[in-house]
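Engineer: So that you have it, the file is entry-v3.cif, and it contains mmCIF, C-alpha atoms:
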```
data_run
#
loop_
_atom_site.group_PDB
_atom_site.id
_atom_site.type_symbol
_atom_site.label_atom_id
_atom_site.label_comp_id
_atom_site.auth_asym_id
_atom_site.auth_seq_id
_atom_site.Cartn_x
_atom_site.Cartn_y
_atom_site.Cartn_z
ATOM 1 C CA SER V 1 48.966 -38.048 -25.279
ATOM 2 C CA ARG V 2 51.756 -35.784 -26.622
ATOM 3 C CA GLY V 3 53.371 -38.691 -28.468
ATOM 4 C CA HIS V 4 56.170 -39.673 -26.057
ATOM 5 C CA ARG V 5 57.022 -43.087 -24.641
ATOM 6 C CA VAL V 6 56.163 -43.182 -20.932
ATOM 7 C CA LEU V 7 57.024 -45.855 -18.393
ATOM 8 C CA LEU V 8 55.206 -45.843 -15.048
ATOM 9 C CA LEU V 9 56.939 -47.706 -12.203
ATOM 10 C CA ASP V 10 55.354 -48.460 -8.831
ATOM 11 C CA ARG V 11 56.729 -50.407 -5.881
ATOM 12 C CA ALA V 12 53.257 -51.743 -4.994
ATOM 13 C CA LYS V 13 51.024 -54.222 -6.748
ATOM 14 C CA PHE V 14 47.614 -52.800 -7.562
ATOM 15 C CA PRO V 15 45.053 -52.411 -6.195
ATOM 16 C CA ARG V 16 46.743 -51.221 -3.013
ATOM 17 C CA ASP V 17 45.793 -49.004 -0.082
ATOM 18 C CA LYS V 18 47.437 -45.700 0.804
ATOM 19 C CA ALA V 19 47.009 -43.660 3.973
ATOM 20 C CA CYS V 20 44.890 -40.708 2.851
ATOM 21 C CA GLY V 21 41.598 -39.047 3.700
ATOM 22 C CA GLY V 22 40.489 -39.745 0.139
ATOM 23 C CA GLY V 23 39.118 -36.302 -0.654
ATOM 24 C CA VAL V 24 39.141 -34.893 -4.176
ATOM 25 C CA SER V 25 38.217 -31.215 -4.394
ATOM 26 C CA VAL V 26 36.153 -29.832 -7.238
ATOM 27 C CA LYS V 27 39.165 -27.861 -8.498
ATOM 28 C CA THR V 28 41.279 -31.048 -8.510
ATOM 29 C CA ALA V 29 38.681 -33.016 -10.474
ATOM 30 C CA ALA V 30 38.507 -30.165 -12.992
ATOM 31 C CA LEU V 31 42.200 -30.617 -13.836
ATOM 32 C CA LEU V 32 41.758 -34.238 -14.889
ATOM 33 C CA PRO V 33 40.917 -35.089 -18.510
ATOM 34 C CA PHE V 34 38.374 -37.754 -17.482
ATOM 35 C CA ASP V 35 35.401 -38.211 -15.157
ATOM 36 C CA LEU V 36 35.980 -39.646 -11.653
ATOM 37 C CA SER V 37 32.351 -40.724 -11.188
ATOM 38 C CA PRO V 38 33.150 -44.489 -11.293
ATOM 39 C CA VAL V 39 35.178 -44.227 -8.049
ATOM 40 C CA ILE V 40 33.301 -41.455 -6.203
ATOM 41 C CA GLU V 41 31.564 -42.859 -3.110
ATOM 42 C CA HIS V 42 30.149 -39.704 -1.531
ATOM 43 C CA VAL V 43 29.524 -36.131 -2.706
ATOM 44 C CA VAL V 44 30.072 -33.436 -0.083
ATOM 45 C CA THR V 45 27.916 -30.288 -0.235
ATOM 46 C CA GLY V 46 28.312 -29.005 3.337
ATOM 47 C CA VAL V 47 30.637 -28.777 6.333
ATOM 48 C CA ILE V 48 30.017 -29.370 10.038
ATOM 49 C CA LEU V 49 32.395 -27.282 12.130
ATOM 50 C CA GLY V 50 33.116 -27.932 15.798
ATOM 51 C CA ASN V 51 32.916 -30.776 18.298
ATOM 52 C CA PRO V 52 29.776 -32.428 19.716
ATOM 53 C CA ARG V 53 31.137 -31.957 23.249
ATOM 54 C CA THR V 54 30.996 -28.171 22.803
ATOM 55 C CA THR V 55 29.031 -26.899 19.830
ATOM 56 C CA THR V 56 28.772 -27.454 16.095
ATOM 57 C CA VAL V 57 27.768 -25.241 13.194
ATOM 58 C CA THR V 58 26.626 -26.631 9.834
ATOM 59 C CA GLN V 59 27.262 -24.715 6.627
ATOM 60 C CA GLU V 60 25.377 -26.032 3.597
ATOM 61 C CA THR V 61 26.287 -24.863 0.076
ATOM 62 C CA GLY V 62 23.845 -26.875 -2.014
ATOM 63 C CA GLU V 63 26.531 -27.714 -4.575
ATOM 64 C CA PRO V 64 29.464 -30.148 -4.652
ATOM 65 C CA LEU V 65 32.515 -29.094 -2.655
ATOM 66 C CA ARG V 66 34.484 -32.322 -2.528
ATOM 67 C CA TYR V 67 34.229 -35.904 -3.683
ATOM 68 C CA ARG V 68 35.040 -38.761 -1.317
ATOM 69 C CA THR V 69 36.810 -41.843 -2.617
ATOM 70 C CA GLN V 70 39.263 -44.514 -1.475
ATOM 71 C CA ARG V 71 42.850 -44.483 -2.681
ATOM 72 C CA ARG V 72 42.697 -48.224 -3.373
ATOM 73 C CA ARG V 73 40.008 -47.544 -5.975
ATOM 74 C CA LEU V 74 41.111 -44.091 -7.155
ATOM 75 C CA ASP V 75 44.751 -44.972 -7.808
ATOM 76 C CA ALA V 76 43.869 -48.170 -9.673
ATOM 77 C CA PHE V 77 41.438 -46.110 -11.770
ATOM 78 C CA LEU V 78 44.189 -43.567 -12.558
ATOM 79 C CA VAL V 79 46.559 -46.364 -13.584
ATOM 80 C CA GLU V 80 43.972 -47.739 -16.001
ATOM 81 C CA ARG V 81 43.433 -44.291 -17.561
ATOM 82 C CA ALA V 82 47.215 -43.954 -18.004
ATOM 83 C CA ARG V 83 47.443 -47.357 -19.674
ATOM 84 C CA GLU V 84 44.585 -46.446 -22.011
ATOM 85 C CA ALA V 85 46.606 -43.362 -23.011
ATOM 86 C CA GLY V 86 49.534 -45.601 -23.982
ATOM 87 C CA VAL V 87 51.614 -45.673 -20.804
ATOM 88 C CA GLU V 88 53.574 -48.847 -20.077
ATOM 89 C CA PHE V 89 52.991 -49.844 -16.440
ATOM 90 C CA LEU V 90 55.312 -52.036 -14.369
ATOM 91 C CA GLN V 91 54.162 -52.743 -10.819
ATOM 92 C CA GLY V 92 56.024 -54.359 -7.945
ATOM 93 C CA GLN V 93 59.184 -52.466 -8.990
ATOM 94 C CA ILE V 94 61.174 -50.841 -6.169
ATOM 95 C CA VAL V 95 63.337 -47.957 -7.383
ATOM 96 C CA ARG V 96 66.732 -48.240 -5.670
ATOM 97 C CA ASP V 97 68.515 -45.266 -7.237
ATOM 98 C CA VAL V 98 68.826 -43.077 -10.317
ATOM 99 C CA SER V 99 72.159 -42.311 -12.002
ATOM 100 C CA ALA V 100 73.001 -39.801 -14.732
ATOM 101 C CA ARG V 101 74.684 -40.980 -17.953
ATOM 102 C CA LEU V 102 77.266 -39.106 -20.008
ATOM 103 C CA ASP V 103 74.779 -38.670 -22.855
ATOM 104 C CA GLY V 104 72.353 -36.747 -20.609
ATOM 105 C CA ALA V 105 69.931 -39.624 -20.042
ATOM 106 C CA TYR V 106 69.326 -41.455 -16.781
ATOM 107 C CA GLU V 107 69.481 -45.042 -15.594
ATOM 108 C CA VAL V 108 66.695 -45.988 -13.185
ATOM 109 C CA HIS V 109 67.718 -49.066 -11.198
ATOM 110 C CA THR V 110 64.866 -51.179 -9.865
ATOM 111 C CA GLU V 111 64.390 -54.421 -7.987
ATOM 112 C CA ASP V 112 61.283 -56.555 -7.753
ATOM 113 C CA HIS V 113 60.025 -58.162 -4.554
ATOM 114 C CA GLU V 114 61.961 -61.329 -5.348
ATOM 115 C CA GLY V 115 65.237 -59.408 -5.578
ATOM 116 C CA HIS V 116 65.616 -59.418 -9.382
ATOM 117 C CA ALA V 117 67.351 -56.242 -10.563
ATOM 118 C CA THR V 118 66.493 -54.286 -13.734
ATOM 119 C CA SER V 119 67.491 -50.921 -15.179
ATOM 120 C CA HIS V 120 65.531 -48.543 -17.390
ATOM 121 C CA THR V 121 66.848 -45.646 -19.476
ATOM 122 C CA ALA V 122 65.027 -42.331 -19.892
ATOM 123 C CA ARG V 123 65.769 -38.726 -20.778
ATOM 124 C CA VAL V 124 63.359 -37.490 -18.112
ATOM 125 C CA VAL V 125 62.597 -38.992 -14.698
ATOM 126 C CA VAL V 126 59.551 -37.753 -12.785
ATOM 127 C CA ALA V 127 59.726 -38.458 -9.059
ATOM 128 C CA ALA V 128 56.210 -39.097 -7.764
ATOM 129 C CA ASP V 129 57.507 -41.291 -4.950
ATOM 130 C CA GLY V 130 56.307 -39.356 -1.930
ATOM 131 C CA ALA V 131 57.780 -37.688 1.124
ATOM 132 C CA ASN V 132 60.441 -40.360 1.622
ATOM 133 C CA GLY V 133 61.181 -40.974 -2.054
ATOM 134 C CA VAL V 134 64.623 -41.987 -3.262
ATOM 135 C CA VAL V 135 64.582 -40.441 -6.759
ATOM 136 C CA GLY V 136 65.065 -36.833 -5.684
ATOM 137 C CA ARG V 137 67.831 -37.750 -3.241
ATOM 138 C CA SER V 138 69.622 -39.778 -5.936
ATOM 139 C CA ALA V 139 69.549 -36.713 -8.174
ATOM 140 C CA GLY V 140 70.910 -34.449 -5.435
ATOM 141 C CA LEU V 141 67.617 -32.678 -4.700
ATOM 142 C CA GLU V 142 66.860 -31.925 -1.063
ATOM 143 C CA PRO V 143 63.586 -33.362 0.281
ATOM 144 C CA PRO V 144 60.901 -31.157 1.867
ATOM 145 C CA ALA V 145 62.067 -29.936 5.278
ATOM 146 C CA ALA V 146 59.042 -29.052 7.394
ATOM 147 C CA HIS V 147 56.275 -31.568 7.719
ATOM 148 C CA GLY V 148 53.101 -32.360 9.564
ATOM 149 C CA VAL V 149 51.789 -35.726 10.700
ATOM 150 C CA ALA V 150 48.371 -37.342 10.562
ATOM 151 C CA MET V 151 46.714 -40.520 11.810
ATOM 152 C CA GLU V 152 43.488 -41.982 10.537
ATOM 153 C CA GLY V 153 41.282 -45.040 10.653
ATOM 154 C CA ASN V 154 38.031 -46.288 9.150
ATOM 155 C CA LEU V 155 34.832 -46.766 11.164
ATOM 156 C CA PRO V 156 32.559 -49.386 9.519
ATOM 157 C CA CYS V 157 28.931 -48.308 9.050
ATOM 158 C CA PRO V 158 27.018 -51.526 8.259
ATOM 159 C CA ASP V 159 23.690 -49.675 8.631
ATOM 160 C CA GLY V 160 24.825 -46.803 6.433
ATOM 161 C CA ILE V 161 26.342 -43.390 7.068
ATOM 162 C CA PRO V 162 24.482 -41.545 9.893
ATOM 163 C CA ALA V 163 21.846 -39.206 8.468
ATOM 164 C CA TRP V 164 23.408 -36.097 10.047
ATOM 165 C CA LEU V 165 26.714 -36.718 8.240
ATOM 166 C CA ARG V 166 25.397 -37.614 4.795
ATOM 167 C CA GLY V 167 26.527 -35.089 2.212
ATOM 168 C CA HIS V 168 28.831 -33.430 4.742
ATOM 169 C CA VAL V 169 32.277 -33.598 6.261
ATOM 170 C CA ALA V 170 32.911 -32.745 9.910
ATOM 171 C CA VAL V 171 35.973 -30.701 10.902
ATOM 172 C CA ASP V 172 37.168 -29.641 14.362
ATOM 173 C CA VAL V 173 39.926 -27.023 14.131
ATOM 174 C CA THR V 174 40.213 -26.682 17.940
ATOM 175 C CA LEU V 175 41.153 -30.321 18.501
ATOM 176 C CA ILE V 176 44.920 -30.122 18.038
ATOM 177 C CA PRO V 177 47.331 -27.147 17.787
ATOM 178 C CA GLY V 178 48.186 -26.366 14.183
ATOM 179 C CA GLY V 179 45.803 -28.995 12.869
ATOM 180 C CA TYR V 180 42.310 -30.458 13.053
ATOM 181 C CA GLY V 181 40.200 -33.576 13.310
ATOM 182 C CA TRP V 182 37.921 -34.831 10.552
ATOM 183 C CA LEU V 183 35.078 -37.154 9.676
ATOM 184 C CA PHE V 184 34.946 -38.058 5.986
ATOM 185 C CA PRO V 185 32.019 -40.306 4.929
ATOM 186 C CA LYS V 186 32.661 -42.928 2.251
ATOM 187 C CA GLY V 187 30.536 -45.696 0.750
ATOM 188 C CA GLY V 188 30.315 -48.037 3.753
ATOM 189 C CA HIS V 189 32.490 -46.374 6.380
ATOM 190 C CA ILE V 190 33.651 -43.076 7.857
ATOM 191 C CA ASN V 191 37.291 -42.076 7.570
ATOM 192 C CA ILE V 192 38.233 -40.467 10.890
ATOM 193 C CA GLY V 193 41.545 -38.732 11.430
ATOM 194 C CA VAL V 194 43.584 -36.093 13.207
ATOM 195 C CA GLY V 195 46.604 -34.164 12.001
ATOM 196 C CA GLY V 196 48.916 -31.359 13.016
ATOM 197 C CA TRP V 197 52.559 -30.319 13.152
ATOM 198 C CA ALA V 198 55.271 -32.927 13.576
ATOM 199 C CA ASP V 199 55.594 -32.435 17.335
ATOM 200 C CA ALA V 200 52.006 -33.669 17.745
ATOM 201 C CA GLY V 201 53.087 -37.141 16.652
ATOM 202 C CA PRO V 202 53.505 -38.812 20.069
ATOM 203 C CA LYS V 203 49.970 -37.828 21.117
ATOM 204 C CA LEU V 204 48.179 -38.505 17.836
ATOM 205 C CA ARG V 205 46.681 -41.870 18.821
ATOM 206 C CA ASP V 206 45.306 -40.528 22.112
ATOM 207 C CA THR V 207 43.901 -37.499 20.294
ATOM 208 C CA LEU V 208 42.293 -39.735 17.667
ATOM 209 C CA ASP V 209 40.723 -41.992 20.306
ATOM 210 C CA GLY V 210 39.319 -38.996 22.201
ATOM 211 C CA TYR V 211 37.872 -37.556 19.000
ATOM 212 C CA VAL V 212 36.134 -40.845 18.196
ATOM 213 C CA ARG V 213 34.677 -41.054 21.726
ATOM 214 C CA ALA V 214 33.322 -37.506 21.411
ATOM 215 C CA TYR V 215 30.864 -38.852 18.845
ATOM 216 C CA GLY V 216 29.906 -41.813 21.019
ATOM 217 C CA TRP V 217 31.877 -44.395 19.037
ATOM 218 C CA ASP V 218 34.358 -46.974 20.277
ATOM 219 C CA PRO V 219 37.988 -46.328 19.201
ATOM 220 C CA ASP V 220 38.555 -50.092 19.156
ATOM 221 C CA SER V 221 36.090 -50.263 16.250
ATOM 222 C CA LEU V 222 38.484 -48.350 13.987
ATOM 223 C CA GLN V 223 40.038 -50.423 11.216
ATOM 224 C CA ASP V 224 43.189 -49.888 9.139
ATOM 225 C CA VAL V 225 44.609 -47.261 11.519
ATOM 226 C CA ALA V 226 47.713 -45.705 9.962
ATOM 227 C CA GLY V 227 49.902 -42.625 10.303
ATOM 228 C CA HIS V 228 51.687 -40.665 7.599
ATOM 229 C CA GLN V 229 53.797 -37.568 7.034
ATOM 230 C CA LEU V 230 52.608 -34.364 5.392
ATOM 231 C CA PRO V 231 55.637 -32.839 3.612
ATOM 232 C CA LEU V 232 55.657 -29.079 3.119
ATOM 233 C CA GLN V 233 57.662 -27.285 0.462
ATOM 234 C CA ARG V 234 60.435 -24.981 1.626
ATOM 235 C CA LYS V 235 60.594 -21.474 0.160
ATOM 236 C CA GLY V 236 62.906 -21.568 -2.853
ATOM 237 C CA MET V 237 63.042 -25.386 -2.818
ATOM 238 C CA ALA V 238 64.511 -26.848 -6.017
ATOM 239 C CA VAL V 239 62.114 -29.268 -7.728
ATOM 240 C CA VAL V 240 64.250 -29.779 -10.860
ATOM 241 C CA ARG V 241 67.787 -30.921 -11.513
ATOM 242 C CA GLY V 242 68.747 -31.734 -15.064
ATOM 243 C CA GLY V 243 66.109 -34.098 -16.412
ATOM 244 C CA VAL V 244 64.769 -35.075 -12.967
ATOM 245 C CA ALA V 245 61.659 -33.333 -11.595
ATOM 246 C CA LEU V 246 59.659 -33.739 -8.394
ATOM 247 C CA VAL V 247 55.855 -33.711 -8.216
ATOM 248 C CA GLY V 248 53.278 -34.170 -5.462
ATOM 249 C CA ASP V 249 54.468 -35.114 -1.982
ATOM 250 C CA ALA V 250 58.033 -35.547 -3.267
ATOM 251 C CA ALA V 251 57.961 -31.820 -4.054
ATOM 252 C CA GLY V 252 56.316 -30.954 -0.730
ATOM 253 C CA MET V 253 53.080 -30.032 -2.496
ATOM 254 C CA VAL V 254 50.867 -30.442 0.570
ATOM 255 C CA GLU V 255 48.483 -27.529 1.166
ATOM 256 C CA PRO V 256 49.755 -26.125 4.494
ATOM 257 C CA LEU V 257 46.415 -25.145 6.050
ATOM 258 C CA LEU V 258 44.421 -28.341 5.473
ATOM 259 C CA GLY V 259 47.262 -30.800 4.861
ATOM 260 C CA GLU V 260 45.599 -31.854 1.598
ATOM 261 C CA GLY V 261 47.862 -33.332 -1.069
ATOM 262 C CA MET V 262 45.632 -34.331 -3.990
ATOM 263 C CA TYR V 263 45.442 -30.910 -5.613
ATOM 264 C CA GLY V 264 49.177 -30.338 -5.248
ATOM 265 C CA ALA V 265 49.890 -33.707 -6.846
ATOM 266 C CA VAL V 266 47.646 -33.174 -9.863
ATOM 267 C CA SER V 267 48.439 -29.478 -10.350
ATOM 268 C CA SER V 268 52.215 -30.039 -10.197
ATOM 269 C CA ALA V 269 51.894 -32.824 -12.775
ATOM 270 C CA CYS V 270 49.836 -30.536 -15.030
ATOM 271 C CA ALA V 271 52.513 -27.846 -14.728
ATOM 272 C CA LEU V 272 55.330 -30.290 -15.472
ATOM 273 C CA ALA V 273 53.880 -32.064 -18.525
ATOM 274 C CA PRO V 274 54.233 -29.172 -21.020
ATOM 275 C CA ALA V 275 57.785 -28.462 -19.806
ATOM 276 C CA VAL V 276 58.729 -32.106 -20.369
ATOM 277 C CA HIS V 277 57.174 -32.014 -23.835
ATOM 278 C CA ARG V 278 59.116 -28.888 -24.816
ATOM 279 C CA TYR V 279 62.343 -30.391 -23.471
ATOM 280 C CA LEU V 280 61.913 -33.700 -25.312
ATOM 281 C CA THR V 281 61.085 -31.938 -28.583
ATOM 282 C CA GLY V 282 64.105 -29.637 -28.304
ATOM 283 C CA ALA V 283 62.082 -26.453 -27.818
ATOM 284 C CA CYS V 284 63.977 -25.747 -24.587
ATOM 285 C CA GLY V 285 67.233 -26.989 -23.101
ATOM 286 C CA ASP V 286 66.059 -28.060 -19.644
ATOM 287 C CA LEU V 287 63.056 -28.279 -17.292
ATOM 288 C CA SER V 288 63.568 -24.860 -15.694
ATOM 289 C CA GLU V 289 60.142 -23.748 -16.958
ATOM 290 C CA TYR V 290 58.625 -26.081 -14.370
ATOM 291 C CA GLN V 291 60.755 -24.596 -11.574
ATOM 292 C CA GLN V 292 59.656 -21.130 -12.646
ATOM 293 C CA ALA V 293 55.990 -22.174 -12.721
ATOM 294 C CA MET V 294 56.244 -23.583 -9.184
ATOM 295 C CA GLU V 295 57.840 -20.401 -7.859
ATOM 296 C CA ARG V 296 55.371 -18.172 -9.695
ATOM 297 C CA ASP V 297 52.138 -20.043 -8.945
#
```
Show me, as structure tokens, the structure contained in the file I just sent.

Structural biologist:
Amino acid sequence: SRGHRVLLLDRAKFPRDKACGGGVSVKTAALLPFDLSPVIEHVVTGVILGNPRTTTVTQETGEPLRYRTQRRRLDAFLVERAREAGVEFLQGQIVRDVSARLDGAYEVHTEDHEGHATSHTARVVVAADGANGVVGRSAGLEPPAAHGVAMEGNLPCPDGIPAWLRGHVAVDVTLIPGGYGWLFPKGGHINIGVGGWADAGPKLRDTLDGYVRAYGWDPDSLQDVAGHQLPLQRKGMAVVRGGVALVGDAAGMVEPLLGEGMYGAVSSACALAPAVHRYLTGACGDLSEYQQAMERD
């Protein structure tokens, strides 16, 4: 939208799933220049705190707190909005490494799923490739150090979301040290998960199964069970080197209390875009404005 040529590369072919609770906060949605209504499956206006085996407390706000969606639908929707804005999109492209050229540009070396290699040249490379991404490492940037872990699955609700959960999310902060368990209603299922610090990893599946049983459901009914890392940014962590910048999980932009990554992903991108524009137009000599914004905000 600022008049630059943008190439978006993704290793997957869309639509594709991604392990994620699928929650978009009101403040995240407000950062986007378009409406997410086409992919919103549930609007959350209240929170249920606690565990049915002990006690629960319901707090109702009467106004939207979060929107529930599925990453398969949300990410495909975001890709289409990018393409409408003029972005060229190449999917099924695995980034192998990034190398700096003598003229200050970068070569991004990719390979498709059939093994065919390609290279792309750009003055700026934005690494949005997650906690285990290769772009930052290729550029000499250290990845996030501390991390949490989470495991989740989807419970089908063929008769609809239970009445007591409609319009709410359920959270149990006593379930696991340093973390919590959650119930996130979607269109036709409930996303159920648990997460905590990295050392909770070996017990995550047992914790998840126990949490599901607490509500009277069968853990064997869970579908698409998956685990994932929650990268946390180190104090003073470099997110820029030359014309390479990290955003989202690659920059450790997970909110450390709730383990939520959507806001960090969108807000870091919003902070980076004007710095990239000023760099490409010659108004500044590097992307250090983005580093400063991350440290300040």

Engineer: Determine the nearest neighbour of V:Tyr290 from the options V:Ala198, V:Val225, V:Val240, V:Leu257, counting all atoms listed in the file.

Structural biologist: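 Between V:Ala198, V:Val225, V:Val240, V:Leu257, the residue approaching V:Tyr290 most closely is V:Val240.
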
Engineer: When distances are computed from all atoms listed in the file, which of V:Leu31, V:Val126, V:Leu230, V:Val239 shows the smallest separation from V:Glu289?

Structural biologist: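 For V:Glu289, the nearest of the given residues is V:Val239.
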
Engineer: Can you spell out as a list of chain:residue names the set of residues that the PyMOL selection byres ((chain V and resi 200) around 12) selects in the structure I just provided?

Structural biologist: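 Applied to this file, the PyMOL selection byres ((chain V and resi 200) around 12) returns V:His147, V:Gly148, V:Val149, V:Ala150, V:Met151, V:Leu175, V:Ile176, V:Pro177, V:Gly178, V:Gly179, V:Tyr180, V:Val194, V:Gly195, V:Gly196, V:Trp197, V:Ala198, V:Asp199, V:Gly201, V:Pro202, V:Lys203, V:Leu204, V:Arg205, V:Asp206, V:Thr207, V:Leu208, V:Gly227, V:Gln229.
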
Engineer: Could you spell out the hits of the PyMOL selection byres ((chain V and resi 128-138) around 6) on the shown file, as a list in words?

Structural biologist: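 Applied to this file, the PyMOL selection byres ((chain V and resi 128-138) around 6) selects Asp97, Val98, Ala127, Ala139, Gly140, Leu141, Pro231, Val247, Asp249 and Ala250 of chain V.
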
Engineer: Taking all atoms listed in the file into account, which of V:Gly210, V:Gly187, V:Pro219, V:Ala145 comes nearest V:Leu232?

Structural biologist: V:Ala145

Engineer: Apply the PyMOL selection byres ((chain V and resi 47-50) around 10) to the structure shown and report the selected residues as number ranges by chain.

Structural biologist: V: 44-46, 51-61, 65, 164-165, 167-175, 180-183
